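Visitor: The structure that follows is given in the form of structure tokens.
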Amino acid sequence: MAPYQPKSDPKWLVALTLAVALTVPFLFPVLILLSMPLAEPSGGGVTLALRWLGNVLGTDLSGPVAHDVGTAVVLLLIAFLFINFGAIFSGICVWWERRIAGRMQSRIGPNRQGLGGFLVWVADAVKFLLKEDLVPAEADSLLFRIAPYFVLTGFALTFVVLPFGHSVVMADLNVGVFYITSVTALVVVGILISGWSSNSKWALFGGMRSAAQVVSYEIPAGLAVFVPVLMAGSLSMQDIIRAQGAAPWDWFIFRNPAALVAFFVLFTSQLAEANRTPFDLPEAESELVAGYLSEYSGFRFALFFMSEFGNIWVMSALATTLFFGGWQVPGMPAAAISALKGTGAWWGWQLVSMAVFAVKTLLLANVVIWLRWTLPRIRIDQMMTLSWKYLVPIGFVCLIFTLFWQLGVGAAPGLELASGVALSVGALFVVIAFFRRVFKNVTDVRGDAIDLSNW
Amino acid sequence: MNRTFSKLALWAFLALLVALFLGYFITRVLPDYLPAGRAVPPRLGDLVFYACAAATVAGAAGVAFSRNIVWSCIGLLIALLGTAALYVFLSADFLAVAQLLVYIGGVLVLILFAVMLTNRIGEVNVSNQSLGLGGGLAVFAAVAPLLMLVAVLVPWPVRPPGPMAPTTARIGDEFLSTWLLPFEVASVVLLATLVGAVVMARKELKAD
């Protein structure tokens, strides 16, 4: 047999597509970074902007009413940017996931529209907008119409506290993590309402499965979130990041053996709460048509899927914040950061911290996608067993272990460093072994040639 | 015809009560709290507050007047969300988020779940049986004077809104020091509820 020869080698095309795919969604956080001075809580940024605008227009805009209107406009603008980040991220994520699925299942996937099929998500979005918005005749039409907005609201509200970088966070609420777990409840309400109001048995089954699943998995997720909260002594997202360091042994996941377990508990529970495979029982295409969104079409269908894929970002960013050190960059302790304030390097530092956060989050998001195309869907009784018989007890053990661990750390501060170094070295070995295994599998099949010709 | 008339009469009566209450509130209660001599233009925060308060009242009215139990649930959702927003205005951040988590994530989802498991829920005479006008008026007569008295007689403390201070740590400290006993009693009540739920849901295994 002749040695394998790829038909063409579009390396640069692939690199260009990936660069665009990585850049486009993050234009929005950069715009948010630029508008952060306007959104500072004291309202000083709005005052300055209004003074400038008043000078341009030649009118006096220093009154309280003008200030209120200005604040409202700024808040609406930032909300618009955040929702667009979610929409564009989920669009590109759909494309990326379809390409990965194609690779993993030995087929090609969408590769026609634009470079590497990159524009397929734009085509999908336009198609959704142009499709007829069907409401079943027997459905409760108003509830059917508003249900997707509950889901969208529950998804979009998480961006209020989700950090993107050192200063790029809308509101660093004192109850940040708690807030995220509670606003996601609106998503469940939306799913239940959509399932009920469709007046279809498949949709109702999907809605009920979803309620059972999310209510069950909220408990292990909450227990796992407690572990980093106990270690940081705060519920605020930014405080939790500040309590960690940049190096892997300073991350919460390695500083406490229970946190390593808690991360997997949280990750599994979040997969279930986001209805991702292997926990996609509420949608279960082969059993329930499409579950709770069977009857939806057009833009409302797009809203459901936008929230679902946008949730990949939310869950990965939450895990990055709680366990992987967030935006911390090596060699930048808090003192060095505050020394930058007021100089031009301040903005550069913000961009670097955003890049670090985004890279960590995207790595986790890839794991989420990877799991979807690796694991089969589990049965409903297995789903319940996993939550109540395994994750909840493990979560409680982690919580109690962390309480004693924190007491131990108080007595012997070296404990955290020892655990951090030991566990991160162990993790490094696992990663190396994984890549060696992958490399071996690749070379066993057909040498080290990577075929990009059907990209 | 008679039915329509009685309904109209009920609505007119309710509207009259609301108008009376609003009139009393605006003429008697409100002037005490406004700085004398000048009208204060509403700020953004005030407008948001009134929007939240109106949503709460509208949601509560939806719970009471809706003929479909799912719509009552949606009304409850709006009322609970509005209440959470009002907690934010009282700078009770932890309480607001706990309200969201417990009442919307827990109670409301449970109600919706129970509604979905129930057969023939769409039929009004099964799900939302009403006592009729007489019964309703009787309940109203029993409850309304008490509520009105509370609203009018209690010297409500009025304070300017303070800065948004974090409350979480203080709540935790108070629960585990001053209010430890009530906290533990509440935990025991919840534990009893859980055990009771397990006993009721458990399938009786017959030895054979």
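Convention: chains lettered A, B, ... in structure tokens order; per-chain residue numbering from 1; ligands numbered from 1 as shown.
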For Phe404 of chain A, work out the shell of residues within 12 Å, counting only C-alpha atoms and skipping chain neighbours fewer than 2 positions away, then give it as an mmCIF file with N, CA, C and O atoms, in the first residue's frame.

Guide:
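result-v5.cif, freshly written:
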```
data_model
loop_
_atom_site.group_PDB
_atom_site.id
_atom_site.type_symbol
_atom_site.label_atom_id
_atom_site.label_comp_id
_atom_site.auth_asym_id
_atom_site.auth_seq_id
_atom_site.Cartn_x
_atom_site.Cartn_y
_atom_site.Cartn_z
ATOM 1 N N VAL A 227 -16.701 24.082 49.155
ATOM 2 C CA VAL A 227 -15.302 23.782 49.479
ATOM 3 C C VAL A 227 -14.387 24.977 49.172
ATOM 4 O O VAL A 227 -13.693 25.470 50.068
ATOM 5 N N LEU A 230 -15.186 27.839 51.544
ATOM 6 C CA LEU A 230 -14.586 27.693 52.874
ATOM 7 C C LEU A 230 -13.102 28.034 52.830
ATOM 8 O O LEU A 230 -12.574 28.658 53.758
ATOM 9 N N MET A 231 -12.423 27.640 51.742
ATOM 10 C CA MET A 231 -10.988 27.882 51.679
ATOM 11 C C MET A 231 -10.699 29.366 51.518
ATOM 12 O O MET A 231 -9.695 29.868 52.027
ATOM 13 N N ASN A 256 -5.927 21.351 48.421
ATOM 14 C CA ASN A 256 -6.692 20.596 49.404
ATOM 15 C C ASN A 256 -7.161 19.334 48.689
ATOM 16 O O ASN A 256 -7.786 19.435 47.638
ATOM 17 N N PRO A 257 -6.834 18.165 49.199
ATOM 18 C CA PRO A 257 -7.238 16.943 48.485
ATOM 19 C C PRO A 257 -8.753 16.877 48.266
ATOM 20 O O PRO A 257 -9.206 16.381 47.228
ATOM 21 N N ALA A 258 -9.528 17.407 49.215
ATOM 22 C CA ALA A 258 -10.976 17.353 49.054
ATOM 23 C C ALA A 258 -11.430 18.243 47.911
ATOM 24 O O ALA A 258 -12.431 17.966 47.244
ATOM 25 N N VAL A 397 -18.713 14.514 52.440
ATOM 26 C CA VAL A 397 -17.399 14.130 52.957
ATOM 27 C C VAL A 397 -16.383 15.228 52.637
ATOM 28 O O VAL A 397 -15.585 15.619 53.501
ATOM 29 N N CYS A 398 -16.440 15.756 51.402
ATOM 30 C CA CYS A 398 -15.505 16.837 51.026
ATOM 31 C C CYS A 398 -15.680 18.046 51.931
ATOM 32 O O CYS A 398 -14.702 18.652 52.378
ATOM 33 N N LEU A 399 -16.944 18.383 52.182
ATOM 34 C CA LEU A 399 -17.223 19.556 53.007
ATOM 35 C C LEU A 399 -16.628 19.390 54.394
ATOM 36 O O LEU A 399 -15.913 20.273 54.902
ATOM 37 N N ILE A 400 -16.890 18.220 55.023
ATOM 38 C CA ILE A 400 -16.426 18.018 56.394
ATOM 39 C C ILE A 400 -14.903 17.904 56.425
ATOM 40 O O ILE A 400 -14.233 18.470 57.301
ATOM 41 N N PHE A 401 -14.353 17.230 55.400
ATOM 42 C CA PHE A 401 -12.888 17.131 55.342
ATOM 43 C C PHE A 401 -12.268 18.522 55.255
ATOM 44 O O PHE A 401 -11.276 18.810 55.920
ATOM 45 N N THR A 402 -12.905 19.402 54.434
ATOM 46 C CA THR A 402 -12.347 20.755 54.269
ATOM 47 C C THR A 402 -12.382 21.523 55.574
ATOM 48 O O THR A 402 -11.452 22.287 55.879
ATOM 49 N N GLN A 406 -9.023 23.026 56.997
ATOM 50 C CA GLN A 406 -8.756 24.432 57.269
ATOM 51 C C GLN A 406 -8.229 24.615 58.688
ATOM 52 O O GLN A 406 -7.344 25.446 58.919
ATOM 53 N N LEU A 407 -8.755 23.817 59.643
ATOM 54 C CA LEU A 407 -8.210 23.862 61.003
ATOM 55 C C LEU A 407 -6.746 23.445 60.989
ATOM 56 O O LEU A 407 -5.890 24.088 61.616
ATOM 57 N N GLY A 408 -6.459 22.379 60.227
ATOM 58 C CA GLY A 408 -5.076 21.900 60.150
ATOM 59 C C GLY A 408 -4.160 22.937 59.526
ATOM 60 O O GLY A 408 -3.028 23.137 59.964
ATOM 61 N N VAL A 409 -4.665 23.620 58.473
ATOM 62 C CA VAL A 409 -3.858 24.647 57.818
ATOM 63 C C VAL A 409 -3.591 25.802 58.775
ATOM 64 O O VAL A 409 -2.499 26.374 58.796
ATOM 65 N N GLY A 410 -4.598 26.108 59.610
ATOM 66 C CA GLY A 410 -4.385 27.154 60.599
ATOM 67 C C GLY A 410 -3.254 26.805 61.546
ATOM 68 O O GLY A 410 -2.482 27.673 61.959
ATOM 69 N N ALA A 411 -3.144 25.500 61.884
ATOM 70 C CA ALA A 411 -2.097 25.076 62.812
ATOM 71 C C ALA A 411 -0.755 24.938 62.096
ATOM 72 O O ALA A 411 0.281 25.311 62.634
#
```

Visitor: For the interface of chain A with chain B (cut-off 10 Å, counting only C-alpha atoms), please tabulate each contacting residue of chain A alongside its nearest pair of atoms and their separation in Å to one decimal, rows sorted by chain and increasing number, as JSON lines.

Guide:
```
{"residue": "A:Pro64", "atom": "CA", "partner": "B:Arg43", "partner_atom": "CA", "distance": 7.5}
{"residue": "A:Val65", "atom": "CA", "partner": "B:Arg43", "partner_atom": "CA", "distance": 7.0}
{"residue": "A:His67", "atom": "CA", "partner": "B:Leu44", "partner_atom": "CA", "distance": 9.1}
{"residue": "A:Asp68", "atom": "CA", "partner": "B:Leu44", "partner_atom": "CA", "distance": 5.5}
{"residue": "A:Val69", "atom": "CA", "partner": "B:Leu44", "partner_atom": "CA", "distance": 7.8}
{"residue": "A:Thr71", "atom": "CA", "partner": "B:Leu44", "partner_atom": "CA", "distance": 8.6}
{"residue": "A:Ala72", "atom": "CA", "partner": "B:Leu44", "partner_atom": "CA", "distance": 8.0}
{"residue": "A:Leu143", "atom": "CA", "partner": "B:Trp71", "partner_atom": "CA", "distance": 8.4}
{"residue": "A:Leu173", "atom": "CA", "partner": "B:Asp93", "partner_atom": "CA", "distance": 8.5}
{"residue": "A:Asn174", "atom": "CA", "partner": "B:Pro166", "partner_atom": "CA", "distance": 6.1}
{"residue": "A:Val175", "atom": "CA", "partner": "B:Phe94", "partner_atom": "CA", "distance": 6.3}
{"residue": "A:Gly176", "atom": "CA", "partner": "B:Val97", "partner_atom": "CA", "distance": 9.4}
{"residue": "A:Phe178", "atom": "CA", "partner": "B:Val97", "partner_atom": "CA", "distance": 6.9}
{"residue": "A:Tyr179", "atom": "CA", "partner": "B:Val97", "partner_atom": "CA", "distance": 5.7}
{"residue": "A:Ile180", "atom": "CA", "partner": "B:Val97", "partner_atom": "CA", "distance": 9.1}
{"residue": "A:Thr181", "atom": "CA", "partner": "B:Leu101", "partner_atom": "CA", "distance": 7.4}
{"residue": "A:Ser182", "atom": "CA", "partner": "B:Leu101", "partner_atom": "CA", "distance": 4.3}
{"residue": "A:Val183", "atom": "CA", "partner": "B:Leu100", "partner_atom": "CA", "distance": 6.9}
{"residue": "A:Thr184", "atom": "CA", "partner": "B:Gly105", "partner_atom": "CA", "distance": 7.9}
{"residue": "A:Ala185", "atom": "CA", "partner": "B:Gly105", "partner_atom": "CA", "distance": 4.5}
{"residue": "A:Leu186", "atom": "CA", "partner": "B:Gly105", "partner_atom": "CA", "distance": 7.2}
{"residue": "A:Val187", "atom": "CA", "partner": "B:Gly105", "partner_atom": "CA", "distance": 9.3}
{"residue": "A:Val188", "atom": "CA", "partner": "B:Val109", "partner_atom": "CA", "distance": 7.3}
{"residue": "A:Val189", "atom": "CA", "partner": "B:Val109", "partner_atom": "CA", "distance": 6.2}
{"residue": "A:Gly190", "atom": "CA", "partner": "B:Val109", "partner_atom": "CA", "distance": 9.9}
{"residue": "A:Leu192", "atom": "CA", "partner": "B:Leu112", "partner_atom": "CA", "distance": 7.1}
{"residue": "A:Ile193", "atom": "CA", "partner": "B:Leu112", "partner_atom": "CA", "distance": 8.0}
{"residue": "A:Gly195", "atom": "CA", "partner": "B:Met116", "partner_atom": "CA", "distance": 9.2}
{"residue": "A:Trp196", "atom": "CA", "partner": "B:Met116", "partner_atom": "CA", "distance": 6.9}
{"residue": "A:Ser197", "atom": "CA", "partner": "B:Val70", "partner_atom": "CA", "distance": 9.2}
{"residue": "A:Leu204", "atom": "CA", "partner": "B:Met116", "partner_atom": "CA", "distance": 7.6}
{"residue": "A:Phe205", "atom": "CA", "partner": "B:Met116", "partner_atom": "CA", "distance": 9.4}
{"residue": "A:Gly207", "atom": "CA", "partner": "B:Phe113", "partner_atom": "CA", "distance": 8.7}
{"residue": "A:Met208", "atom": "CA", "partner": "B:Phe113", "partner_atom": "CA", "distance": 6.6}
{"residue": "A:Arg209", "atom": "CA", "partner": "B:Phe113", "partner_atom": "CA", "distance": 9.7}
{"residue": "A:Ser210", "atom": "CA", "partner": "B:Phe113", "partner_atom": "CA", "distance": 10.0}
{"residue": "A:Ala211", "atom": "CA", "partner": "B:Phe113", "partner_atom": "CA", "distance": 6.9}
{"residue": "A:Ala212", "atom": "CA", "partner": "B:Phe113", "partner_atom": "CA", "distance": 8.3}
{"residue": "A:Val214", "atom": "CA", "partner": "B:Gly105", "partner_atom": "CA", "distance": 9.5}
{"residue": "A:Val215", "atom": "CA", "partner": "B:Gly106", "partner_atom": "CA", "distance": 7.6}
{"residue": "A:Glu218", "atom": "CA", "partner": "B:Gly105", "partner_atom": "CA", "distance": 9.2}
{"residue": "A:Gly233", "atom": "CA", "partner": "B:Ala169", "partner_atom": "CA", "distance": 9.4}
{"residue": "A:Ser234", "atom": "CA", "partner": "B:Ala169", "partner_atom": "CA", "distance": 8.6}
{"residue": "A:Leu235", "atom": "CA", "partner": "B:Thr168", "partner_atom": "CA", "distance": 8.6}
```

Visitor: What does the structure give for the distance between atom CA of Ile69 of chain B and atom CA of Thr118 of chain B, in Å to one decimal?

Guide: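 Going from atom CA of Ile69 of chain B over to atom CA of Thr118 of chain B, I get 11.1 Å.
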
Visitor: Could you list, as a list of chain:residue names, every residue within 10 Å of segment 53-60 of chain B, counting only C-alpha atoms and ignoring same-chain residues fewer than 2 positions away?

Guide: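 Answer for this query is B:Leu47, B:Val48, B:Phe49, B:Tyr50, B:Ala51, B:Gly62, B:Val63, B:Ala64, B:Phe65, B:Trp71, B:Ser72, B:Cys73, B:Ile74, B:Gly75, B:Leu76, B:Leu77, B:Ile78, B:Ala79, B:Leu80, B:Leu81, B:Gly82, B:Thr83, B:Ala84, B:Ala85, B:Leu86.
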
Visitor: Among the residues of segment 66-139 of chain B, find those DSSP assigns to alpha helix (DSSP H) from the backbone and print them as an MDAnalysis selection string.

Guide: chainID B and resid 69:89 93:99 109:117 124:127 132:139

Visitor: Give me, as CSV, each residue of segment 153-249 of chain A that comes within 8 Å of segment 18-40 of chain A, together with its shortest interatomic pair and the distance in Å at one decimal, counting only C-alpha atoms, with rows ordered by chain and rising residue number.

Guide:
```
residue,atom,partner,partner_atom,distance
A:Phe164,CA,A:Pro29,CA,7.1
A:Ser167,CA,A:Leu33,CA,7.8
A:Val168,CA,A:Leu33,CA,5.7
A:Met170,CA,A:Ala39,CA,7.7
```

Visitor: Do you have the atom CA of Tyr292 of chain A-atom CA of Glu308 of chain A distance handy?

Guide: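 These two atoms are separated by 12.9 Å.
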
Visitor: What is the atom CA of Phe118 of chain A to atom CA of Leu362 of chain A distance in Å?

Guide: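 Computing it gives 17.7 Å between the two atoms.
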